[in-house]
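Engineer: Got a file for you: run.txt, compact mmCIF, N, CA and C atoms.
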# COMPACT_ATOMS: atom_id res chain seq x y z
N MET A 1175 -98.11 -34.56 -48.53
CA MET A 1175 -97.71 -34.43 -49.92
C MET A 1175 -96.30 -33.87 -49.97
N ARG A 1176 -95.46 -34.39 -50.84
CA ARG A 1176 -94.09 -33.90 -50.97
C ARG A 1176 -94.04 -32.67 -51.83
N LYS A 1177 -93.13 -31.80 -51.48
CA LYS A 1177 -92.92 -30.64 -52.33
C LYS A 1177 -92.12 -31.07 -53.55
N THR A 1178 -92.40 -30.41 -54.67
CA THR A 1178 -91.58 -30.66 -55.85
C THR A 1178 -90.30 -29.87 -55.70
N LYS A 1179 -89.40 -29.97 -56.65
CA LYS A 1179 -88.10 -29.31 -56.57
C LYS A 1179 -88.22 -27.82 -56.30
N ASN A 1180 -89.17 -27.19 -56.92
CA ASN A 1180 -89.31 -25.75 -56.73
C ASN A 1180 -90.37 -25.38 -55.69
N GLY A 1181 -90.91 -26.38 -54.98
CA GLY A 1181 -91.87 -26.12 -53.92
C GLY A 1181 -93.24 -25.69 -54.42
N SER A 1182 -93.59 -26.03 -55.66
CA SER A 1182 -94.86 -25.55 -56.23
C SER A 1182 -95.92 -26.64 -56.29
N TRP A 1183 -95.93 -27.56 -55.36
CA TRP A 1183 -96.93 -28.62 -55.38
C TRP A 1183 -98.34 -28.07 -55.28
N ILE A 1184 -98.50 -26.94 -54.59
CA ILE A 1184 -99.82 -26.34 -54.46
C ILE A 1184 -100.38 -25.95 -55.83
N TRP A 1185 -99.52 -25.52 -56.74
CA TRP A 1185 -99.98 -25.15 -58.08
C TRP A 1185 -100.48 -26.37 -58.84
N LEU A 1186 -99.86 -27.48 -58.62
CA LEU A 1186 -100.31 -28.71 -59.25
C LEU A 1186 -101.70 -29.09 -58.75
N VAL A 1187 -101.92 -29.00 -57.46
CA VAL A 1187 -103.22 -29.31 -56.88
C VAL A 1187 -104.28 -28.35 -57.43
N LEU A 1188 -103.96 -27.06 -57.49
CA LEU A 1188 -104.91 -26.09 -58.03
C LEU A 1188 -105.23 -26.36 -59.50
N ALA A 1189 -104.23 -26.74 -60.26
CA ALA A 1189 -104.45 -27.04 -61.68
C ALA A 1189 -105.38 -28.25 -61.84
N VAL A 1190 -105.19 -29.26 -61.01
CA VAL A 1190 -106.05 -30.43 -61.06
C VAL A 1190 -107.49 -30.05 -60.68
N LEU A 1191 -107.66 -29.22 -59.66
CA LEU A 1191 -109.00 -28.79 -59.25
C LEU A 1191 -109.69 -27.98 -60.35
N VAL A 1192 -108.96 -27.11 -61.01
CA VAL A 1192 -109.53 -26.33 -62.11
C VAL A 1192 -109.94 -27.26 -63.25
N LEU A 1193 -109.09 -28.22 -63.56
CA LEU A 1193 -109.39 -29.17 -64.62
C LEU A 1193 -110.65 -29.97 -64.29
N LEU A 1194 -110.74 -30.45 -63.07
CA LEU A 1194 -111.92 -31.22 -62.67
C LEU A 1194 -113.19 -30.38 -62.68
N SER A 1195 -113.10 -29.14 -62.28
CA SER A 1195 -114.30 -28.30 -62.28
C SER A 1195 -114.76 -27.96 -63.69
N SER A 1196 -113.86 -27.96 -64.66
CA SER A 1196 -114.27 -27.68 -66.04
C SER A 1196 -114.88 -28.90 -66.71
N CYS A 1197 -114.80 -30.06 -66.08
CA CYS A 1197 -115.32 -31.30 -66.67
C CYS A 1197 -116.64 -31.72 -66.05
N THR A 1198 -117.42 -30.79 -65.53
CA THR A 1198 -118.72 -31.16 -64.98
C THR A 1198 -119.76 -31.24 -66.06
N GLY A 1199 -120.86 -31.86 -65.76
CA GLY A 1199 -121.95 -31.97 -66.72
C GLY A 1199 -122.61 -30.63 -67.03
N ASP A 1200 -122.33 -29.57 -66.24
CA ASP A 1200 -122.93 -28.27 -66.46
C ASP A 1200 -122.25 -27.50 -67.59
N SER A 1201 -121.07 -27.90 -67.97
CA SER A 1201 -120.36 -27.16 -69.01
C SER A 1201 -120.69 -27.72 -70.38
N SER A 1202 -120.37 -26.97 -71.41
CA SER A 1202 -120.64 -27.44 -72.76
C SER A 1202 -119.53 -28.35 -73.26
N GLY A 1203 -118.47 -28.48 -72.53
CA GLY A 1203 -117.36 -29.36 -72.94
C GLY A 1203 -117.04 -30.31 -71.82
N GLY A 1204 -115.87 -30.88 -71.85
CA GLY A 1204 -115.44 -31.78 -70.80
C GLY A 1204 -116.31 -33.02 -70.73
N ALA A 1205 -116.58 -33.46 -69.51
CA ALA A 1205 -117.37 -34.68 -69.32
C ALA A 1205 -118.84 -34.48 -69.68
N GLY A 1206 -119.27 -33.24 -69.90
CA GLY A 1206 -120.65 -32.98 -70.28
C GLY A 1206 -121.02 -33.55 -71.63
N VAL A 1207 -120.05 -33.82 -72.48
CA VAL A 1207 -120.34 -34.40 -73.79
C VAL A 1207 -120.49 -35.92 -73.70
N TYR A 1208 -120.16 -36.50 -72.57
CA TYR A 1208 -120.23 -37.95 -72.42
C TYR A 1208 -121.61 -38.53 -72.72
N PRO A 1209 -122.71 -37.98 -72.15
CA PRO A 1209 -124.03 -38.56 -72.48
C PRO A 1209 -124.35 -38.51 -73.96
N LYS A 1210 -123.96 -37.44 -74.65
CA LYS A 1210 -124.23 -37.36 -76.09
C LYS A 1210 -123.44 -38.42 -76.84
N ALA A 1211 -122.20 -38.67 -76.44
CA ALA A 1211 -121.40 -39.70 -77.09
C ALA A 1211 -121.98 -41.08 -76.83
N VAL A 1212 -122.42 -41.33 -75.60
CA VAL A 1212 -123.04 -42.61 -75.27
C VAL A 1212 -124.30 -42.79 -76.08
N SER A 1213 -125.10 -41.72 -76.20
CA SER A 1213 -126.33 -41.79 -76.99
C SER A 1213 -126.05 -42.18 -78.43
N ALA A 1214 -125.06 -41.56 -79.04
CA ALA A 1214 -124.72 -41.87 -80.43
C ALA A 1214 -124.25 -43.31 -80.58
N VAL A 1215 -123.45 -43.78 -79.64
CA VAL A 1215 -122.96 -45.16 -79.69
C VAL A 1215 -124.12 -46.14 -79.50
N ASP A 1216 -125.00 -45.86 -78.53
CA ASP A 1216 -126.14 -46.74 -78.29
C ASP A 1216 -127.08 -46.77 -79.48
N GLU A 1217 -127.33 -45.62 -80.10
CA GLU A 1217 -128.20 -45.58 -81.28
C GLU A 1217 -127.59 -46.37 -82.43
N THR A 1218 -126.29 -46.20 -82.65
CA THR A 1218 -125.61 -46.94 -83.71
C THR A 1218 -125.69 -48.44 -83.44
N SER A 1219 -125.51 -48.83 -82.18
CA SER A 1219 -125.60 -50.23 -81.81
C SER A 1219 -127.03 -50.75 -82.03
N ALA A 1220 -128.04 -49.96 -81.70
CA ALA A 1220 -129.43 -50.38 -81.88
C ALA A 1220 -129.74 -50.57 -83.37
N ILE A 1221 -129.25 -49.67 -84.20
CA ILE A 1221 -129.47 -49.78 -85.64
C ILE A 1221 -128.81 -51.04 -86.18
N GLN A 1222 -127.58 -51.31 -85.75
CA GLN A 1222 -126.88 -52.51 -86.20
C GLN A 1222 -127.60 -53.77 -85.70
N THR A 1223 -128.12 -53.72 -84.48
CA THR A 1223 -128.85 -54.86 -83.93
C THR A 1223 -130.12 -55.12 -84.74
N LEU A 1224 -130.82 -54.07 -85.14
CA LEU A 1224 -132.00 -54.24 -85.99
C LEU A 1224 -131.63 -54.92 -87.31
N ARG A 1225 -130.51 -54.54 -87.87
CA ARG A 1225 -130.06 -55.17 -89.12
C ARG A 1225 -129.72 -56.64 -88.89
N THR A 1226 -129.10 -56.94 -87.75
CA THR A 1226 -128.78 -58.33 -87.41
C THR A 1226 -130.06 -59.14 -87.26
N ILE A 1227 -131.06 -58.57 -86.60
CA ILE A 1227 -132.35 -59.26 -86.44
C ILE A 1227 -132.99 -59.50 -87.80
N ALA A 1228 -132.94 -58.51 -88.68
CA ALA A 1228 -133.53 -58.67 -90.02
C ALA A 1228 -132.84 -59.80 -90.78
N THR A 1229 -131.52 -59.90 -90.67
CA THR A 1229 -130.79 -60.99 -91.32
C THR A 1229 -131.20 -62.34 -90.74
N ALA A 1230 -131.31 -62.41 -89.41
CA ALA A 1230 -131.73 -63.66 -88.77
C ALA A 1230 -133.14 -64.04 -89.21
N GLN A 1231 -134.02 -63.06 -89.31
CA GLN A 1231 -135.39 -63.34 -89.76
C GLN A 1231 -135.41 -63.85 -91.20
N SER A 1232 -134.60 -63.26 -92.07
CA SER A 1232 -134.52 -63.73 -93.46
C SER A 1232 -134.06 -65.17 -93.52
N GLN A 1233 -133.06 -65.51 -92.70
CA GLN A 1233 -132.56 -66.88 -92.67
C GLN A 1233 -133.63 -67.83 -92.12
N ALA A 1234 -134.37 -67.39 -91.11
CA ALA A 1234 -135.44 -68.23 -90.55
C ALA A 1234 -136.53 -68.47 -91.59
N ARG A 1235 -136.87 -67.45 -92.32
CA ARG A 1235 -137.92 -67.57 -93.34
C ARG A 1235 -137.52 -68.58 -94.41
N VAL A 1236 -136.24 -68.55 -94.82
CA VAL A 1236 -135.76 -69.47 -95.85
C VAL A 1236 -135.69 -70.91 -95.32
N THR A 1237 -135.18 -71.07 -94.10
CA THR A 1237 -134.97 -72.43 -93.58
C THR A 1237 -136.21 -73.05 -92.95
N ARG A 1238 -137.07 -72.22 -92.31
CA ARG A 1238 -138.24 -72.74 -91.60
C ARG A 1238 -139.54 -72.48 -92.33
N GLY A 1239 -139.54 -71.56 -93.26
CA GLY A 1239 -140.76 -71.21 -93.97
C GLY A 1239 -141.59 -70.15 -93.27
N SER A 1240 -141.11 -69.65 -92.12
CA SER A 1240 -141.82 -68.58 -91.41
C SER A 1240 -140.83 -67.79 -90.57
N TYR A 1241 -141.26 -66.63 -90.15
CA TYR A 1241 -140.43 -65.81 -89.26
C TYR A 1241 -140.58 -66.33 -87.83
N GLY A 1242 -139.70 -65.88 -86.94
CA GLY A 1242 -139.77 -66.36 -85.57
C GLY A 1242 -139.60 -65.25 -84.55
N ASP A 1243 -139.98 -65.53 -83.31
CA ASP A 1243 -139.74 -64.57 -82.23
C ASP A 1243 -138.31 -64.72 -81.75
N PHE A 1244 -137.93 -63.94 -80.75
CA PHE A 1244 -136.54 -63.98 -80.27
C PHE A 1244 -136.13 -65.37 -79.83
N ASN A 1245 -136.95 -66.03 -79.03
CA ASN A 1245 -136.59 -67.35 -78.53
C ASN A 1245 -136.41 -68.36 -79.67
N THR A 1246 -137.27 -68.28 -80.67
CA THR A 1246 -137.16 -69.19 -81.82
C THR A 1246 -135.85 -68.94 -82.57
N LEU A 1247 -135.50 -67.68 -82.75
CA LEU A 1247 -134.27 -67.34 -83.47
C LEU A 1247 -133.03 -67.75 -82.68
N VAL A 1248 -133.10 -67.64 -81.35
CA VAL A 1248 -131.97 -68.08 -80.51
C VAL A 1248 -131.84 -69.60 -80.58
N GLN A 1249 -132.94 -70.32 -80.46
CA GLN A 1249 -132.91 -71.79 -80.51
C GLN A 1249 -132.41 -72.30 -81.85
N ALA A 1250 -132.69 -71.55 -82.92
CA ALA A 1250 -132.22 -71.94 -84.25
C ALA A 1250 -130.75 -71.56 -84.47
N GLY A 1251 -130.16 -70.89 -83.50
CA GLY A 1251 -128.75 -70.48 -83.63
C GLY A 1251 -128.57 -69.25 -84.52
N LEU A 1252 -129.64 -68.52 -84.79
CA LEU A 1252 -129.56 -67.35 -85.66
C LEU A 1252 -129.27 -66.07 -84.89
N LEU A 1253 -129.58 -66.07 -83.60
CA LEU A 1253 -129.22 -64.97 -82.70
C LEU A 1253 -128.55 -65.57 -81.47
N ASP A 1254 -127.71 -64.78 -80.80
CA ASP A 1254 -127.02 -65.31 -79.61
C ASP A 1254 -127.90 -65.19 -78.36
N GLU A 1255 -127.40 -65.70 -77.27
CA GLU A 1255 -128.16 -65.82 -76.02
C GLU A 1255 -128.61 -64.48 -75.44
N ARG A 1256 -128.01 -63.38 -75.84
CA ARG A 1256 -128.45 -62.07 -75.33
C ARG A 1256 -129.91 -61.81 -75.70
N PHE A 1257 -130.40 -62.49 -76.73
CA PHE A 1257 -131.76 -62.28 -77.21
C PHE A 1257 -132.77 -63.28 -76.63
N ALA A 1258 -132.34 -64.14 -75.73
CA ALA A 1258 -133.22 -65.18 -75.18
C ALA A 1258 -134.17 -64.58 -74.15
N ASN A 1259 -135.07 -63.73 -74.64
CA ASN A 1259 -136.03 -63.06 -73.80
C ASN A 1259 -137.12 -62.51 -74.73
N GLN A 1260 -138.29 -62.27 -74.22
CA GLN A 1260 -139.35 -61.70 -75.05
C GLN A 1260 -139.03 -60.26 -75.45
N THR A 1261 -138.40 -59.51 -74.54
CA THR A 1261 -138.01 -58.12 -74.82
C THR A 1261 -136.59 -57.87 -74.30
N PRO A 1262 -135.59 -58.35 -75.02
CA PRO A 1262 -134.21 -58.19 -74.55
C PRO A 1262 -133.79 -56.72 -74.52
N ILE A 1263 -132.91 -56.41 -73.59
CA ILE A 1263 -132.34 -55.07 -73.48
C ILE A 1263 -130.86 -55.16 -73.82
N LEU A 1264 -130.46 -54.39 -74.81
CA LEU A 1264 -129.06 -54.37 -75.26
C LEU A 1264 -128.61 -52.93 -75.43
N ARG A 1265 -127.50 -52.56 -74.82
CA ARG A 1265 -126.90 -51.23 -74.98
C ARG A 1265 -127.91 -50.09 -74.82
N GLY A 1266 -128.75 -50.18 -73.81
CA GLY A 1266 -129.68 -49.10 -73.52
C GLY A 1266 -130.97 -49.11 -74.32
N TYR A 1267 -131.21 -50.18 -75.08
CA TYR A 1267 -132.44 -50.28 -75.87
C TYR A 1267 -133.19 -51.56 -75.55
N ARG A 1268 -134.51 -51.45 -75.45
CA ARG A 1268 -135.39 -52.62 -75.28
C ARG A 1268 -135.95 -52.96 -76.65
N PHE A 1269 -135.75 -54.20 -77.07
CA PHE A 1269 -136.22 -54.68 -78.37
C PHE A 1269 -137.49 -55.50 -78.18
N SER A 1270 -138.50 -55.20 -78.98
CA SER A 1270 -139.77 -55.93 -78.95
C SER A 1270 -140.08 -56.39 -80.37
N MET A 1271 -140.60 -57.61 -80.49
CA MET A 1271 -140.86 -58.15 -81.83
C MET A 1271 -142.19 -58.88 -81.87
N THR A 1272 -142.86 -58.73 -83.00
CA THR A 1272 -143.99 -59.59 -83.34
C THR A 1272 -143.61 -60.33 -84.61
N ALA A 1273 -143.91 -61.60 -84.65
CA ALA A 1273 -143.53 -62.41 -85.81
C ALA A 1273 -144.62 -63.41 -86.12
N GLY A 1274 -144.86 -63.58 -87.39
CA GLY A 1274 -145.82 -64.58 -87.85
C GLY A 1274 -145.24 -65.33 -89.02
N GLU A 1275 -146.07 -66.08 -89.67
CA GLU A 1275 -145.60 -66.88 -90.80
C GLU A 1275 -145.09 -66.01 -91.95
N ASN A 1276 -145.79 -64.91 -92.22
CA ASN A 1276 -145.47 -64.12 -93.40
C ASN A 1276 -144.91 -62.73 -93.13
N GLU A 1277 -144.82 -62.32 -91.87
CA GLU A 1277 -144.30 -60.98 -91.59
C GLU A 1277 -143.75 -60.90 -90.17
N PHE A 1278 -142.90 -59.89 -89.98
CA PHE A 1278 -142.40 -59.59 -88.64
C PHE A 1278 -142.20 -58.08 -88.54
N SER A 1279 -142.20 -57.58 -87.32
CA SER A 1279 -141.81 -56.20 -87.05
C SER A 1279 -141.07 -56.18 -85.73
N VAL A 1280 -140.14 -55.25 -85.62
CA VAL A 1280 -139.34 -55.13 -84.40
C VAL A 1280 -139.14 -53.65 -84.10
N THR A 1281 -139.26 -53.33 -82.81
CA THR A 1281 -139.01 -51.96 -82.35
C THR A 1281 -137.84 -51.96 -81.38
N ALA A 1282 -137.17 -50.83 -81.31
CA ALA A 1282 -136.09 -50.61 -80.35
C ALA A 1282 -136.38 -49.29 -79.65
N ASP A 1283 -136.62 -49.36 -78.35
CA ASP A 1283 -136.97 -48.17 -77.57
C ASP A 1283 -135.92 -47.93 -76.50
N PRO A 1284 -135.51 -46.65 -76.32
CA PRO A 1284 -134.54 -46.35 -75.25
C PRO A 1284 -135.07 -46.83 -73.91
N GLN A 1285 -134.19 -47.41 -73.12
CA GLN A 1285 -134.57 -47.97 -71.84
C GLN A 1285 -133.83 -47.25 -70.73
N ALA A 1286 -134.55 -46.76 -69.72
CA ALA A 1286 -133.92 -46.13 -68.57
C ALA A 1286 -133.18 -47.18 -67.76
N VAL A 1287 -132.09 -46.76 -67.11
CA VAL A 1287 -131.28 -47.66 -66.30
C VAL A 1287 -131.26 -47.14 -64.87
N GLU A 1288 -131.61 -47.98 -63.92
CA GLU A 1288 -131.54 -47.69 -62.50
C GLU A 1288 -132.12 -46.32 -62.14
N GLY A 1289 -133.34 -46.07 -62.54
CA GLY A 1289 -134.03 -44.85 -62.17
C GLY A 1289 -133.60 -43.61 -62.92
N GLN A 1290 -132.69 -43.72 -63.87
CA GLN A 1290 -132.27 -42.57 -64.67
C GLN A 1290 -133.05 -42.53 -65.96
N ALA A 1291 -133.23 -41.35 -66.48
CA ALA A 1291 -133.89 -41.21 -67.78
C ALA A 1291 -133.00 -41.84 -68.85
N PRO A 1292 -133.58 -42.35 -69.92
CA PRO A 1292 -132.76 -42.92 -70.99
C PRO A 1292 -131.85 -41.88 -71.60
N ILE A 1293 -130.62 -42.29 -71.90
CA ILE A 1293 -129.66 -41.38 -72.53
C ILE A 1293 -129.99 -41.22 -74.00
N SER A 1294 -130.32 -42.30 -74.65
CA SER A 1294 -130.61 -42.25 -76.08
C SER A 1294 -131.97 -41.61 -76.30
N ALA A 1295 -132.12 -40.95 -77.44
CA ALA A 1295 -133.34 -40.19 -77.67
C ALA A 1295 -134.25 -40.79 -78.73
N ARG A 1296 -133.73 -41.54 -79.68
CA ARG A 1296 -134.57 -41.98 -80.79
C ARG A 1296 -135.08 -43.41 -80.60
N HIS A 1297 -136.29 -43.63 -81.08
CA HIS A 1297 -136.93 -44.93 -81.11
C HIS A 1297 -136.84 -45.42 -82.56
N PHE A 1298 -136.70 -46.75 -82.75
CA PHE A 1298 -136.52 -47.29 -84.09
C PHE A 1298 -137.53 -48.40 -84.38
N TYR A 1299 -137.81 -48.61 -85.68
CA TYR A 1299 -138.75 -49.62 -86.14
C TYR A 1299 -138.23 -50.23 -87.44
N LEU A 1300 -138.43 -51.54 -87.59
CA LEU A 1300 -138.07 -52.25 -88.82
C LEU A 1300 -139.08 -53.38 -89.00
N ASP A 1301 -139.49 -53.64 -90.25
CA ASP A 1301 -140.37 -54.78 -90.49
C ASP A 1301 -139.97 -55.52 -91.76
N SER A 1302 -140.71 -56.57 -92.06
CA SER A 1302 -140.36 -57.45 -93.17
C SER A 1302 -140.77 -56.92 -94.53
N THR A 1303 -141.54 -55.83 -94.59
CA THR A 1303 -142.00 -55.34 -95.88
C THR A 1303 -140.93 -54.58 -96.66
N ASP A 1304 -140.00 -53.98 -95.96
CA ASP A 1304 -138.87 -53.32 -96.63
C ASP A 1304 -137.66 -53.39 -95.71
N ASN A 1305 -136.56 -52.88 -96.15
CA ASN A 1305 -135.34 -52.96 -95.35
C ASN A 1305 -135.02 -51.61 -94.72
N SER A 1306 -136.03 -50.79 -94.51
CA SER A 1306 -135.83 -49.45 -93.97
C SER A 1306 -136.03 -49.42 -92.47
N ILE A 1307 -135.15 -48.70 -91.80
CA ILE A 1307 -135.30 -48.47 -90.37
C ILE A 1307 -135.93 -47.09 -90.22
N HIS A 1308 -137.02 -47.03 -89.46
CA HIS A 1308 -137.76 -45.79 -89.24
C HIS A 1308 -137.43 -45.28 -87.84
N ALA A 1309 -137.44 -43.95 -87.65
CA ALA A 1309 -137.08 -43.37 -86.36
C ALA A 1309 -138.10 -42.33 -85.91
N ASN A 1310 -138.24 -42.23 -84.59
CA ASN A 1310 -139.12 -41.26 -83.98
C ASN A 1310 -138.44 -40.78 -82.70
N ARG A 1311 -138.39 -39.48 -82.48
CA ARG A 1311 -137.72 -38.94 -81.29
C ARG A 1311 -138.58 -38.93 -80.03
N THR A 1312 -139.89 -39.03 -80.16
CA THR A 1312 -140.75 -38.84 -78.99
C THR A 1312 -141.49 -40.08 -78.51
N GLN A 1313 -141.66 -41.08 -79.36
CA GLN A 1313 -142.43 -42.26 -78.97
C GLN A 1313 -141.98 -43.47 -79.79
N THR A 1314 -142.53 -44.63 -79.44
CA THR A 1314 -142.20 -45.85 -80.17
C THR A 1314 -142.41 -45.61 -81.66
N ALA A 1315 -141.41 -45.95 -82.44
CA ALA A 1315 -141.45 -45.70 -83.89
C ALA A 1315 -142.37 -46.70 -84.58
N SER A 1316 -142.83 -46.32 -85.76
CA SER A 1316 -143.68 -47.19 -86.57
C SER A 1316 -143.31 -47.02 -88.04
N LYS A 1317 -143.97 -47.78 -88.88
CA LYS A 1317 -143.71 -47.74 -90.31
C LYS A 1317 -144.00 -46.36 -90.92
N THR A 1318 -144.88 -45.60 -90.29
CA THR A 1318 -145.24 -44.27 -90.82
C THR A 1318 -144.22 -43.19 -90.49
N ASP A 1319 -143.26 -43.50 -89.60
CA ASP A 1319 -142.22 -42.52 -89.28
C ASP A 1319 -141.18 -42.44 -90.38
N PRO A 1320 -140.44 -41.34 -90.44
CA PRO A 1320 -139.42 -41.19 -91.49
C PRO A 1320 -138.35 -42.28 -91.41
N ALA A 1321 -137.92 -42.74 -92.57
CA ALA A 1321 -136.85 -43.72 -92.64
C ALA A 1321 -135.50 -43.01 -92.48
N LEU A 1322 -134.54 -43.75 -91.95
CA LEU A 1322 -133.19 -43.18 -91.80
C LEU A 1322 -132.52 -43.02 -93.15
Could you express the structure from this file as structure tokens?
Structural biologist:
Amino acid sequence: MRKTKNGSWIWLVLAVLVLLSSCTGDSSGGAGVYPKAVSAVDETSAIQTLRTIATAQSQARVTRGSYGDFNTLVQAGLLDERFANQTPILRGYRFSMTAGENEFSVTADPQAVEGQAPISARHFYLDSTDNSIHANRTQTASKTDPAL
């Protein structure tokens, strides 16, 4: 390593080490806030995805006369290919849906990645009876859980 003009390169190295040690997950600041930020972003994304699914279901009901599962909505061009699965995983959430001629319901549950616990904490639920998203912090959400 080259010395700086005043020969204080060691101080620069020490400053970097102090900065890095303050950004561990054990502290209340620094990089420790990263999982909370990811959780908020993933939850916001899950809520928006539920709204997108509800819109696709409304369009399917008008055009086909019934609601559809994920594959049906993808084939109709109402959802994109990310949903071409029975239980697609998007942004840390696994989406599950039941759909029939006159009703549908969809849940979004935090999904662990590569052996790690899920970062997001809330589970969500939406169905065709109202436009409310319900949330539960401990288990798969249902219609009886509080609405957002």
Engineer: How big is the axis-aligned box, and where does its centre sit, when it encloses all atoms of range 1219-1232 of chain A listed in the file and has 5 Å added on every side, reported in Å to one decimal as AutoDock Vina command-line options?
Structural biologist:
--center_x -130.5 --center_y -57.0 --center_z -87.6 --size_x 19.9 --size_y 26.3 --size_z 21.8
Engineer: My list of candidates is A:Leu1300, A:Thr1226, A:Tyr1241, A:Glu1217. Which is closest to Phe1257 in chain A when distances are computed with only C-alpha atoms?
Structural biologist: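 Nearest candidate to Phe1257 in chain A out of A:Leu1300, A:Thr1226, A:Tyr1241, A:Glu1217: A:Thr1226.
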Engineer: Which one is closest to Arg1265 in chain A: A:Thr1314, A:Ser1240, A:Ser1219, A:Ser1306? Count only N, CA and C atoms.
Structural biologist: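 Of A:Thr1314, A:Ser1240, A:Ser1219, A:Ser1306, the one nearest Arg1265 in chain A is A:Ser1219, counting only N, CA and C atoms.
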Engineer: By how many Å are CA of Leu1264 in chain A and CA of Tyr1299 in chain A apart?
Structural biologist: 15.3 Å
Engineer: So, with only C-alpha atoms as the atoms that count, which of A:Val1215, A:Ile1263, A:Arg1296, A:Asp1301 lies closest to Gln1313 in chain A?
Structural biologist: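 Result for the nearest residue to Gln1313 in chain A: A:Arg1296.
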Engineer: Using Å and a single decimal, report how far CA of Ser1302 in chain A sits from atom N of Gly1266 in chain A.
Structural biologist: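 If I compute the distance from atom N of Gly1266 in chain A to CA of Ser1302 in chain A, I get 23.7 Å.
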Engineer: Please indicate the distance in Å from atom C of Phe1269 in chain A to atom C of Thr1281 in chain A, rounded to one decimal place.
Structural biologist: 4.8 Å
Engineer: For Thr1218 in chain A, which residue out of A:Lys1317, A:Arg1256, A:Arg1235, A:His1297 is the nearest one, using only C-alpha atoms?
Structural biologist: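 The answer is A:His1297, which sits nearest to Thr1218 in chain A.
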Engineer: Might you pull out every residue within 12 Å of Gly1251 in chain A, with only C-alpha atoms counted and same-chain residues fewer than 6 positions away left off, and present them as a count of residues only?
Structural biologist: 10
Engineer: Taking into account all atoms listed in the file, which residue in the set A:Leu1252, A:Gln1260, A:Ala1315, A:Asp1243 is nearest to Asp1283 in chain A?
Structural biologist: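 Closest residue, counting all atoms listed in the file: A:Ala1315.
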Engineer: Tell me which of A:Ala1321, A:Pro1284, A:Thr1223, A:Asn1259 sits closest to Thr1246 in chain A, counting all atoms listed in the file.
Structural biologist: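 Among the listed residues, the smallest separation from Thr1246 in chain A belongs to A:Asn1259.
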